[in-house]
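Here is the structure we will look at, set down as structure tokens.
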Amino acid sequence: MAPFDSKAEVHALQHELDERLHVLEGYPIEAELAEQGDLPTLLKIALRNEVEASEIAALWMPSTPETDIKLGFARQVGDEARHYRLIAEYLQSTGVALEGFDPLAGGYSPLFRALSGLPSTVERLSAGQFTREAIAVRRNAMFIAYLERHGHQDVAQIYRSAIQPDEEHHHQLGVNGLLRYLRDEQDLARVRAAMEMTLSIADEMKQAARKRTGAKTLPGC
């Protein structure tokens with residue numbers, strides 16, 4: 001039997017994920033957001049996403065034995081909190097009042113609840129950093145382009161210069177972590193199931209957001 005090749009398996013997973021996320025680029029974001037999108041509403045949804053991303057990384061830290069991944073989660077906690085502050089400061093600068101605003105008023109999302117139950121490092125990396133952050137990178141790229149086309153250069157710059165590079169780093173943490181800690185076929189099965197879980201629930205979240213706000217493509221994940 002050939003030895004398990006983690007590099008080849010992670011490369012194959014990355015290729016598959018890229019192919020499946022390509023469908024996001026086919027959404028008619030221009031028409032949908034121009035007609036339905038309300039920028040403050042979309043950015044408030046982004047605030048919720050930033051809080052959840054920070055909290056899930058913080059939740060995983062104490063039970064993650066691998067020091068490099070633990071520290072990666074620690075960085076993500078701070079990164080997502082900083083993103084929240086940047087978006088909130090932008091909203092307040094445009095006159096949007098956030099006093100009393102609770103980004104988690106409706107409770108945690110289905111994806112947060114699913115992520116919080118993952119027991120192993122490779123499952124967490126696969127579902128969170130590898131898959132969730134890859135979705136965020138794709139959606140944010142589309143959102144930045146939309147903002148720039150419609151004259152929202154200031155908030156587009158926040159995403160382009162501060163938020164998007166961090167999201168790319170978080171995704172790379174997932175890639176590098178899987179390369180290091182994916183050890184056998186059993187791990188691979190768990191990693192693939194975790195990826196599928198995130199893709200499935202993220203689609204459910206998109207459908208729920210569509211019913212709530214009318215917008216079909218939101219910043220982040």
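The chains in the structure tokens are called A, B, ... from first to last as shown; in each chain the residues are counted from 1, and the ligands are counted from 1 in the order shown.
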
Each stretch 29-141 of chain A residue no farther than 6 Å from stretch 180-201 of chain A, nearest pair in Å, only C-alpha atoms, as a Markdown table:
| residue | atom | partner | partner_atom | distance |
| --- | --- | --- | --- | --- |
| A:Leu111 | CA | A:Ile201 | CA | 5.9 |
| A:Glu123 | CA | A:Val191 | CA | 5.1 |
| A:Ser126 | CA | A:Val191 | CA | 5.5 |
| A:Ala127 | CA | A:Ala194 | CA | 4.9 |
| A:Thr131 | CA | A:Met195 | CA | 5.9 |

Leaving out A:Pro62 and any residue of its chain fewer than 3 positions from it, which residues lie within 12 Å of it when counting only C-alpha atoms, given as a ChimeraX atom specification? /A:56-59,65-67,69-71,73-74,119,121

How would the residues just chosen look if you wrote them out with N, CA and C atoms as a compact mmCIF listing (two decimals), in the first residue's frame?
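What follows is the written file selection.txt:
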# COMPACT_ATOMS: atom_id res chain seq x y z
N ILE A 56 -15.44 31.80 17.60
CA ILE A 56 -15.18 30.37 17.38
C ILE A 56 -13.69 30.08 17.50
N ALA A 57 -12.85 31.00 17.04
CA ALA A 57 -11.41 30.80 17.19
C ALA A 57 -11.02 30.82 18.67
N ALA A 58 -11.65 31.71 19.43
CA ALA A 58 -11.38 31.77 20.87
C ALA A 58 -11.86 30.50 21.57
N LEU A 59 -13.00 29.98 21.14
CA LEU A 59 -13.55 28.76 21.74
C LEU A 59 -12.62 27.57 21.51
N PRO A 65 -4.28 21.25 21.01
CA PRO A 65 -2.97 20.91 21.58
C PRO A 65 -1.78 21.41 20.77
N GLU A 66 -1.96 21.60 19.47
CA GLU A 66 -0.84 22.00 18.61
C GLU A 66 -0.58 23.50 18.79
N THR A 67 0.60 23.83 19.27
CA THR A 67 0.90 25.22 19.63
C THR A 67 0.80 26.16 18.44
N ILE A 69 -1.08 25.97 15.81
CA ILE A 69 -2.48 26.21 15.46
C ILE A 69 -3.16 27.03 16.55
N LYS A 70 -2.86 26.73 17.80
CA LYS A 70 -3.40 27.53 18.90
C LYS A 70 -3.06 29.01 18.70
N LEU A 71 -1.81 29.30 18.35
CA LEU A 71 -1.40 30.68 18.15
C LEU A 71 -2.04 31.27 16.89
N PHE A 73 -5.07 30.49 15.89
CA PHE A 73 -6.41 30.86 16.35
C PHE A 73 -6.37 32.16 17.14
N ALA A 74 -5.32 32.31 17.97
CA ALA A 74 -5.20 33.53 18.77
C ALA A 74 -5.10 34.76 17.88
N PRO A 119 -14.53 18.24 17.21
CA PRO A 119 -13.60 17.86 18.28
C PRO A 119 -12.13 17.91 17.94
N THR A 121 -8.49 18.92 15.69
CA THR A 121 -7.84 20.06 15.04
C THR A 121 -8.04 20.03 13.53

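Distance check against A:Pro165 using only C-alpha atoms: of A:Glu89, A:Glu80, A:Gly128, A:Ala145, the minimum falls on A:Glu80.
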
Between A:Arg124, A:His169, A:His150, A:Arg139, single out the one closest to A:Thr64, counting only C-alpha atoms. A:Arg124

From a DSSP calculation on the backbone, collect every residue of stretch 83-220 of chain A in helix (DSSP H, G or I) and output the set as a compact mmCIF listing (two decimals) with N, CA, C and O atoms, in the first residue's frame.
# COMPACT_ATOMS: atom_id res chain seq x y z
N HIS A 83 -11.45 43.78 12.63
CA HIS A 83 -12.37 43.99 11.51
C HIS A 83 -13.70 44.58 12.01
O HIS A 83 -14.25 45.49 11.38
N TYR A 84 -14.18 44.03 13.11
CA TYR A 84 -15.43 44.54 13.67
C TYR A 84 -15.30 46.04 13.97
O TYR A 84 -16.17 46.84 13.61
N ARG A 85 -14.21 46.41 14.62
CA ARG A 85 -14.03 47.83 14.99
C ARG A 85 -13.94 48.71 13.74
O ARG A 85 -14.51 49.81 13.71
N LEU A 86 -13.24 48.26 12.72
CA LEU A 86 -13.11 49.05 11.50
C LEU A 86 -14.46 49.28 10.82
O LEU A 86 -14.77 50.40 10.39
N ILE A 87 -15.26 48.22 10.73
CA ILE A 87 -16.58 48.35 10.10
C ILE A 87 -17.49 49.22 10.96
O ILE A 87 -18.20 50.09 10.44
N ALA A 88 -17.46 49.00 12.27
CA ALA A 88 -18.30 49.81 13.17
C ALA A 88 -17.93 51.28 13.10
O ALA A 88 -18.80 52.16 13.07
N GLU A 89 -16.63 51.57 13.09
CA GLU A 89 -16.19 52.96 13.00
C GLU A 89 -16.63 53.60 11.69
O GLU A 89 -17.02 54.78 11.66
N TYR A 90 -16.58 52.83 10.60
CA TYR A 90 -17.06 53.37 9.33
C TYR A 90 -18.55 53.69 9.41
O TYR A 90 -18.98 54.78 8.99
N LEU A 91 -19.33 52.76 9.92
CA LEU A 91 -20.77 52.99 10.02
C LEU A 91 -21.06 54.23 10.86
O LEU A 91 -21.89 55.07 10.49
N GLN A 92 -20.40 54.36 11.98
CA GLN A 92 -20.64 55.51 12.85
C GLN A 92 -20.21 56.81 12.18
O GLN A 92 -20.85 57.85 12.36
N SER A 93 -19.17 56.74 11.36
CA SER A 93 -18.71 57.95 10.66
C SER A 93 -19.72 58.42 9.62
O SER A 93 -19.69 59.59 9.21
N PRO A 110 -26.43 28.81 12.54
CA PRO A 110 -26.26 27.35 12.44
C PRO A 110 -24.81 26.95 12.20
O PRO A 110 -24.37 25.93 12.72
N LEU A 111 -24.07 27.75 11.42
CA LEU A 111 -22.68 27.39 11.17
C LEU A 111 -21.85 27.50 12.44
O LEU A 111 -21.02 26.62 12.72
N PHE A 112 -22.04 28.54 13.22
CA PHE A 112 -21.29 28.66 14.48
C PHE A 112 -21.57 27.47 15.38
O PHE A 112 -20.65 26.88 15.95
N ARG A 113 -22.84 27.08 15.49
CA ARG A 113 -23.18 25.95 16.37
C ARG A 113 -22.54 24.66 15.87
O ARG A 113 -22.07 23.85 16.67
N ALA A 114 -22.49 24.48 14.56
CA ALA A 114 -21.87 23.27 14.01
C ALA A 114 -20.36 23.29 14.23
O ALA A 114 -19.76 22.28 14.64
N LEU A 115 -19.74 24.43 13.99
CA LEU A 115 -18.29 24.53 14.18
C LEU A 115 -17.91 24.30 15.63
O LEU A 115 -16.88 23.67 15.92
N SER A 116 -18.71 24.79 16.55
CA SER A 116 -18.37 24.68 17.97
C SER A 116 -18.33 23.24 18.45
O SER A 116 -17.71 22.95 19.47
N THR A 121 -8.49 18.92 15.69
CA THR A 121 -7.84 20.06 15.04
C THR A 121 -8.04 20.03 13.53
O THR A 121 -8.33 21.06 12.91
N VAL A 122 -7.88 18.87 12.90
CA VAL A 122 -8.01 18.83 11.44
C VAL A 122 -9.44 19.13 11.00
O VAL A 122 -9.65 19.77 9.96
N GLU A 123 -10.43 18.69 11.77
CA GLU A 123 -11.82 19.02 11.43
C GLU A 123 -12.07 20.52 11.56
O GLU A 123 -12.75 21.13 10.73
N ARG A 124 -11.56 21.10 12.63
CA ARG A 124 -11.73 22.54 12.84
C ARG A 124 -11.07 23.34 11.72
O ARG A 124 -11.66 24.28 11.18
N LEU A 125 -9.84 22.96 11.39
CA LEU A 125 -9.13 23.67 10.33
C LEU A 125 -9.86 23.53 9.00
O LEU A 125 -9.96 24.49 8.22
N SER A 126 -10.37 22.34 8.71
CA SER A 126 -11.05 22.11 7.45
C SER A 126 -12.34 22.92 7.35
O SER A 126 -12.57 23.63 6.35
N ALA A 127 -13.17 22.84 8.37
CA ALA A 127 -14.46 23.52 8.33
C ALA A 127 -14.32 25.02 8.46
O ALA A 127 -15.02 25.79 7.79
N GLY A 128 -13.41 25.46 9.33
CA GLY A 128 -13.28 26.88 9.63
C GLY A 128 -12.34 27.60 8.70
O GLY A 128 -12.75 28.31 7.78
N GLN A 129 -11.04 27.42 8.91
CA GLN A 129 -10.06 28.19 8.17
C GLN A 129 -9.99 27.79 6.69
O GLN A 129 -9.98 28.64 5.81
N PHE A 130 -9.98 26.50 6.42
CA PHE A 130 -9.82 26.06 5.04
C PHE A 130 -11.05 26.40 4.20
O PHE A 130 -10.94 26.96 3.10
N THR A 131 -12.25 26.11 4.71
CA THR A 131 -13.47 26.28 3.91
C THR A 131 -14.18 27.59 4.19
O THR A 131 -14.47 28.36 3.26
N ARG A 132 -14.49 27.86 5.45
CA ARG A 132 -15.24 29.08 5.76
C ARG A 132 -14.49 30.33 5.31
O ARG A 132 -15.07 31.26 4.74
N GLU A 133 -13.19 30.36 5.56
CA GLU A 133 -12.42 31.54 5.18
C GLU A 133 -12.24 31.63 3.67
O GLU A 133 -12.14 32.73 3.13
N ALA A 134 -12.21 30.51 2.97
CA ALA A 134 -12.16 30.55 1.51
C ALA A 134 -13.44 31.16 0.96
O ALA A 134 -13.41 31.95 0.00
N ILE A 135 -14.58 30.81 1.55
CA ILE A 135 -15.85 31.42 1.14
C ILE A 135 -15.80 32.92 1.40
O ILE A 135 -16.22 33.73 0.55
N ALA A 136 -15.29 33.30 2.56
CA ALA A 136 -15.21 34.72 2.91
C ALA A 136 -14.35 35.49 1.91
O ALA A 136 -14.70 36.60 1.50
N VAL A 137 -13.23 34.91 1.53
CA VAL A 137 -12.34 35.57 0.57
C VAL A 137 -13.06 35.81 -0.75
O VAL A 137 -12.99 36.90 -1.34
N ARG A 138 -13.78 34.80 -1.25
CA ARG A 138 -14.50 34.94 -2.53
C ARG A 138 -15.60 35.98 -2.42
O ARG A 138 -15.75 36.85 -3.28
N ARG A 139 -16.40 35.90 -1.37
CA ARG A 139 -17.52 36.84 -1.24
C ARG A 139 -17.01 38.27 -1.03
O ARG A 139 -17.59 39.22 -1.58
N ASN A 140 -15.96 38.42 -0.26
CA ASN A 140 -15.42 39.75 -0.03
C ASN A 140 -14.87 40.36 -1.32
O ASN A 140 -15.00 41.57 -1.54
N ALA A 141 -14.23 39.55 -2.16
CA ALA A 141 -13.71 40.06 -3.43
C ALA A 141 -14.85 40.61 -4.29
O ALA A 141 -14.74 41.68 -4.91
N MET A 142 -15.97 39.89 -4.32
CA MET A 142 -17.13 40.36 -5.06
C MET A 142 -17.71 41.63 -4.44
O MET A 142 -18.10 42.56 -5.15
N PHE A 143 -17.74 41.66 -3.12
CA PHE A 143 -18.29 42.81 -2.41
C PHE A 143 -17.42 44.05 -2.64
O PHE A 143 -17.93 45.15 -2.87
N ILE A 144 -16.10 43.89 -2.62
CA ILE A 144 -15.19 45.01 -2.87
C ILE A 144 -15.42 45.57 -4.27
O ILE A 144 -15.49 46.79 -4.46
N ALA A 145 -15.54 44.70 -5.25
CA ALA A 145 -15.76 45.16 -6.62
C ALA A 145 -17.07 45.93 -6.72
O ALA A 145 -17.14 46.97 -7.40
N TYR A 146 -18.10 45.43 -6.07
CA TYR A 146 -19.39 46.13 -6.07
C TYR A 146 -19.25 47.50 -5.43
O TYR A 146 -19.73 48.51 -5.97
N LEU A 147 -18.59 47.58 -4.28
CA LEU A 147 -18.43 48.86 -3.58
C LEU A 147 -17.68 49.85 -4.46
O LEU A 147 -18.05 51.03 -4.54
N GLU A 148 -16.64 49.41 -5.12
CA GLU A 148 -15.84 50.31 -5.95
C GLU A 148 -16.63 50.80 -7.15
O GLU A 148 -16.51 51.97 -7.55
N ARG A 149 -17.44 49.94 -7.72
CA ARG A 149 -18.24 50.37 -8.88
C ARG A 149 -19.28 51.41 -8.51
O ARG A 149 -19.70 52.20 -9.34
N GLN A 153 -15.72 54.02 -2.04
CA GLN A 153 -14.29 53.75 -2.05
C GLN A 153 -13.72 53.60 -0.64
O GLN A 153 -12.78 52.83 -0.42
N ASP A 154 -14.28 54.34 0.32
CA ASP A 154 -13.73 54.31 1.67
C ASP A 154 -13.91 52.94 2.32
O ASP A 154 -12.96 52.37 2.87
N VAL A 155 -15.12 52.40 2.25
CA VAL A 155 -15.33 51.09 2.87
C VAL A 155 -14.68 49.99 2.03
O VAL A 155 -14.19 49.00 2.58
N ALA A 156 -14.62 50.18 0.71
CA ALA A 156 -13.92 49.21 -0.14
C ALA A 156 -12.45 49.13 0.26
O ALA A 156 -11.86 48.04 0.29
N GLN A 157 -11.86 50.27 0.60
CA GLN A 157 -10.47 50.28 0.99
C GLN A 157 -10.25 49.57 2.31
O GLN A 157 -9.22 48.90 2.52
N ILE A 158 -11.21 49.68 3.22
CA ILE A 158 -11.12 48.94 4.49
C ILE A 158 -11.06 47.44 4.21
O ILE A 158 -10.22 46.72 4.77
N TYR A 159 -11.94 46.98 3.33
CA TYR A 159 -11.95 45.55 3.00
C TYR A 159 -10.68 45.14 2.25
O TYR A 159 -10.07 44.12 2.56
N ARG A 160 -10.28 45.97 1.27
CA ARG A 160 -9.15 45.59 0.44
C ARG A 160 -7.83 45.58 1.21
O ARG A 160 -7.02 44.67 1.07
N SER A 161 -7.62 46.59 2.05
CA SER A 161 -6.31 46.74 2.68
C SER A 161 -6.19 46.07 4.03
O SER A 161 -5.09 45.70 4.45
N ALA A 162 -7.31 45.91 4.75
CA ALA A 162 -7.25 45.38 6.12
C ALA A 162 -7.92 44.03 6.28
O ALA A 162 -7.34 43.10 6.84
N ILE A 163 -9.14 43.91 5.79
CA ILE A 163 -9.91 42.69 6.06
C ILE A 163 -9.50 41.54 5.15
O ILE A 163 -9.22 40.43 5.62
N GLN A 164 -9.44 41.79 3.84
CA GLN A 164 -9.16 40.70 2.90
C GLN A 164 -7.79 40.05 3.12
O GLN A 164 -7.71 38.81 3.09
N PRO A 165 -6.72 40.79 3.35
CA PRO A 165 -5.43 40.12 3.60
C PRO A 165 -5.48 39.20 4.82
O PRO A 165 -4.86 38.12 4.82
N ASP A 166 -6.20 39.60 5.86
CA ASP A 166 -6.32 38.74 7.03
C ASP A 166 -7.10 37.48 6.71
O ASP A 166 -6.73 36.38 7.16
N GLU A 167 -8.18 37.60 5.94
CA GLU A 167 -8.97 36.42 5.60
C GLU A 167 -8.14 35.44 4.77
O GLU A 167 -8.23 34.22 4.95
N GLU A 168 -7.32 35.98 3.88
CA GLU A 168 -6.43 35.12 3.11
C GLU A 168 -5.43 34.41 4.02
O GLU A 168 -5.12 33.22 3.82
N HIS A 169 -4.93 35.13 5.01
CA HIS A 169 -4.00 34.52 5.97
C HIS A 169 -4.70 33.41 6.76
O HIS A 169 -4.11 32.34 7.00
N HIS A 170 -5.94 33.63 7.17
CA HIS A 170 -6.68 32.62 7.92
C HIS A 170 -6.90 31.37 7.07
O HIS A 170 -6.78 30.24 7.57
N HIS A 171 -7.23 31.57 5.79
CA HIS A 171 -7.39 30.41 4.91
C HIS A 171 -6.07 29.66 4.79
O HIS A 171 -6.05 28.42 4.82
N GLN A 172 -4.97 30.38 4.68
CA GLN A 172 -3.67 29.73 4.55
C GLN A 172 -3.31 28.97 5.82
O GLN A 172 -2.63 27.93 5.76
N LEU A 173 -3.75 29.46 6.98
CA LEU A 173 -3.57 28.71 8.22
C LEU A 173 -4.23 27.34 8.09
O LEU A 173 -3.68 26.32 8.53
N GLY A 174 -5.42 27.31 7.49
CA GLY A 174 -6.09 26.04 7.28
C GLY A 174 -5.32 25.13 6.35
O GLY A 174 -5.15 23.93 6.62
N VAL A 175 -4.83 25.69 5.24
CA VAL A 175 -4.05 24.89 4.29
C VAL A 175 -2.79 24.33 4.96
O VAL A 175 -2.51 23.13 4.90
N ASN A 176 -2.03 25.21 5.60
CA ASN A 176 -0.77 24.79 6.21
C ASN A 176 -0.99 23.80 7.35
O ASN A 176 -0.22 22.85 7.53
N GLY A 177 -2.05 24.04 8.13
CA GLY A 177 -2.35 23.13 9.23
C GLY A 177 -2.73 21.75 8.74
O GLY A 177 -2.30 20.73 9.32
N LEU A 178 -3.50 21.67 7.66
CA LEU A 178 -3.85 20.36 7.11
C LEU A 178 -2.63 19.67 6.53
O LEU A 178 -2.47 18.46 6.68
N LEU A 179 -1.77 20.43 5.88
CA LEU A 179 -0.54 19.83 5.36
C LEU A 179 0.29 19.21 6.48
O LEU A 179 0.91 18.16 6.30
N ARG A 180 0.28 19.83 7.63
CA ARG A 180 1.11 19.36 8.74
C ARG A 180 0.46 18.24 9.53
O ARG A 180 1.14 17.31 9.99
N TYR A 181 -0.86 18.30 9.72
CA TYR A 181 -1.50 17.40 10.70
C TYR A 181 -2.46 16.38 10.09
O TYR A 181 -2.98 15.53 10.83
N GLU A 185 -6.07 8.15 6.21
CA GLU A 185 -7.37 8.14 5.53
C GLU A 185 -8.52 8.48 6.48
O GLU A 185 -9.51 9.08 6.07
N GLN A 186 -8.40 8.09 7.73
CA GLN A 186 -9.44 8.43 8.71
C GLN A 186 -9.51 9.94 8.91
O GLN A 186 -10.60 10.53 8.95
N ASP A 187 -8.34 10.57 9.04
CA ASP A 187 -8.31 12.03 9.12
C ASP A 187 -8.93 12.65 7.88
O ASP A 187 -9.69 13.62 7.96
N LEU A 188 -8.58 12.11 6.72
CA LEU A 188 -9.07 12.67 5.46
C LEU A 188 -10.59 12.61 5.39
O LEU A 188 -11.23 13.55 4.93
N ALA A 189 -11.15 11.49 5.84
CA ALA A 189 -12.61 11.37 5.83
C ALA A 189 -13.25 12.42 6.73
O ALA A 189 -14.28 13.02 6.37
N ARG A 190 -12.66 12.66 7.89
CA ARG A 190 -13.20 13.67 8.80
C ARG A 190 -13.05 15.08 8.21
O ARG A 190 -13.95 15.91 8.34
N VAL A 191 -11.92 15.32 7.58
CA VAL A 191 -11.68 16.62 6.95
C VAL A 191 -12.67 16.88 5.83
O VAL A 191 -13.23 17.98 5.71
N ARG A 192 -12.90 15.89 5.00
CA ARG A 192 -13.84 16.05 3.90
C ARG A 192 -15.26 16.28 4.41
O ARG A 192 -16.00 17.13 3.90
N ALA A 193 -15.65 15.54 5.45
CA ALA A 193 -16.99 15.72 6.02
C ALA A 193 -17.14 17.13 6.60
O ALA A 193 -18.20 17.75 6.49
N ALA A 194 -16.08 17.64 7.23
CA ALA A 194 -16.13 18.99 7.81
C ALA A 194 -16.25 20.05 6.71
O ALA A 194 -16.99 21.03 6.86
N MET A 195 -15.54 19.86 5.61
CA MET A 195 -15.65 20.77 4.49
C MET A 195 -17.07 20.78 3.92
O MET A 195 -17.66 21.83 3.67
N GLU A 196 -17.63 19.57 3.74
CA GLU A 196 -18.99 19.46 3.21
C GLU A 196 -20.00 20.12 4.15
O GLU A 196 -20.95 20.76 3.71
N MET A 197 -19.80 19.97 5.45
CA MET A 197 -20.70 20.57 6.42
C MET A 197 -20.73 22.08 6.26
O MET A 197 -21.80 22.70 6.22
N THR A 198 -19.56 22.69 6.17
CA THR A 198 -19.51 24.14 6.04
C THR A 198 -20.13 24.61 4.74
O THR A 198 -20.90 25.58 4.72
N LEU A 199 -19.83 23.94 3.65
CA LEU A 199 -20.42 24.33 2.36
C LEU A 199 -21.93 24.23 2.40
O LEU A 199 -22.64 25.11 1.89
N SER A 200 -22.45 23.19 3.03
CA SER A 200 -23.89 23.00 3.11
C SER A 200 -24.55 24.06 3.97
O SER A 200 -25.55 24.67 3.58
N ILE A 201 -23.99 24.30 5.14
CA ILE A 201 -24.62 25.25 6.06
C ILE A 201 -24.46 26.68 5.54
O ILE A 201 -25.36 27.50 5.69
N ALA A 202 -23.31 26.99 4.92
CA ALA A 202 -23.14 28.34 4.37
C ALA A 202 -24.19 28.61 3.32
O ALA A 202 -24.71 29.73 3.22
N ASP A 203 -24.56 27.62 2.53
CA ASP A 203 -25.62 27.80 1.55
C ASP A 203 -26.96 28.03 2.24
O ASP A 203 -27.76 28.87 1.82
N GLU A 204 -27.20 27.30 3.33
CA GLU A 204 -28.44 27.51 4.08
C GLU A 204 -28.48 28.91 4.67
O GLU A 204 -29.52 29.57 4.70
N MET A 205 -27.33 29.41 5.14
CA MET A 205 -27.27 30.75 5.69
C MET A 205 -27.56 31.79 4.61
O MET A 205 -28.24 32.78 4.85
N LYS A 206 -27.06 31.54 3.40
CA LYS A 206 -27.31 32.46 2.30
C LYS A 206 -28.80 32.53 1.99
O LYS A 206 -29.35 33.61 1.76
N GLN A 207 -29.47 31.36 2.00
CA GLN A 207 -30.89 31.35 1.74
C GLN A 207 -31.66 32.10 2.84
O GLN A 207 -32.62 32.84 2.56
N ALA A 208 -31.25 31.92 4.09
CA ALA A 208 -31.91 32.62 5.20
C ALA A 208 -31.71 34.12 5.09
O ALA A 208 -32.63 34.91 5.32
N ALA A 209 -30.49 34.54 4.72
CA ALA A 209 -30.20 35.96 4.58
C ALA A 209 -31.02 36.56 3.44
O ALA A 209 -31.47 37.71 3.52
N ARG A 210 -31.24 35.79 2.40
CA ARG A 210 -32.04 36.27 1.28
C ARG A 210 -33.47 36.58 1.75
O ARG A 210 -34.05 37.60 1.38
N LYS A 211 -34.03 35.71 2.56
CA LYS A 211 -35.39 35.93 3.06
C LYS A 211 -35.44 37.13 4.00
O LYS A 211 -36.42 37.87 4.04
N ARG A 212 -34.36 37.34 4.80
CA ARG A 212 -34.34 38.41 5.78
C ARG A 212 -34.12 39.77 5.16
O ARG A 212 -34.74 40.75 5.56
N THR A 213 -33.20 39.87 4.20
CA THR A 213 -32.76 41.18 3.74
C THR A 213 -33.00 41.43 2.26
O THR A 213 -32.92 42.57 1.82

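For the atom pair formed by atom CA of A:Ser120 and atom CA of A:Pro103, the distance is 28.0 Å, given to one decimal.
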
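Here atom CA of A:Tyr108 stands at a distance of 25.3 Å from atom CA of A:Leu17.
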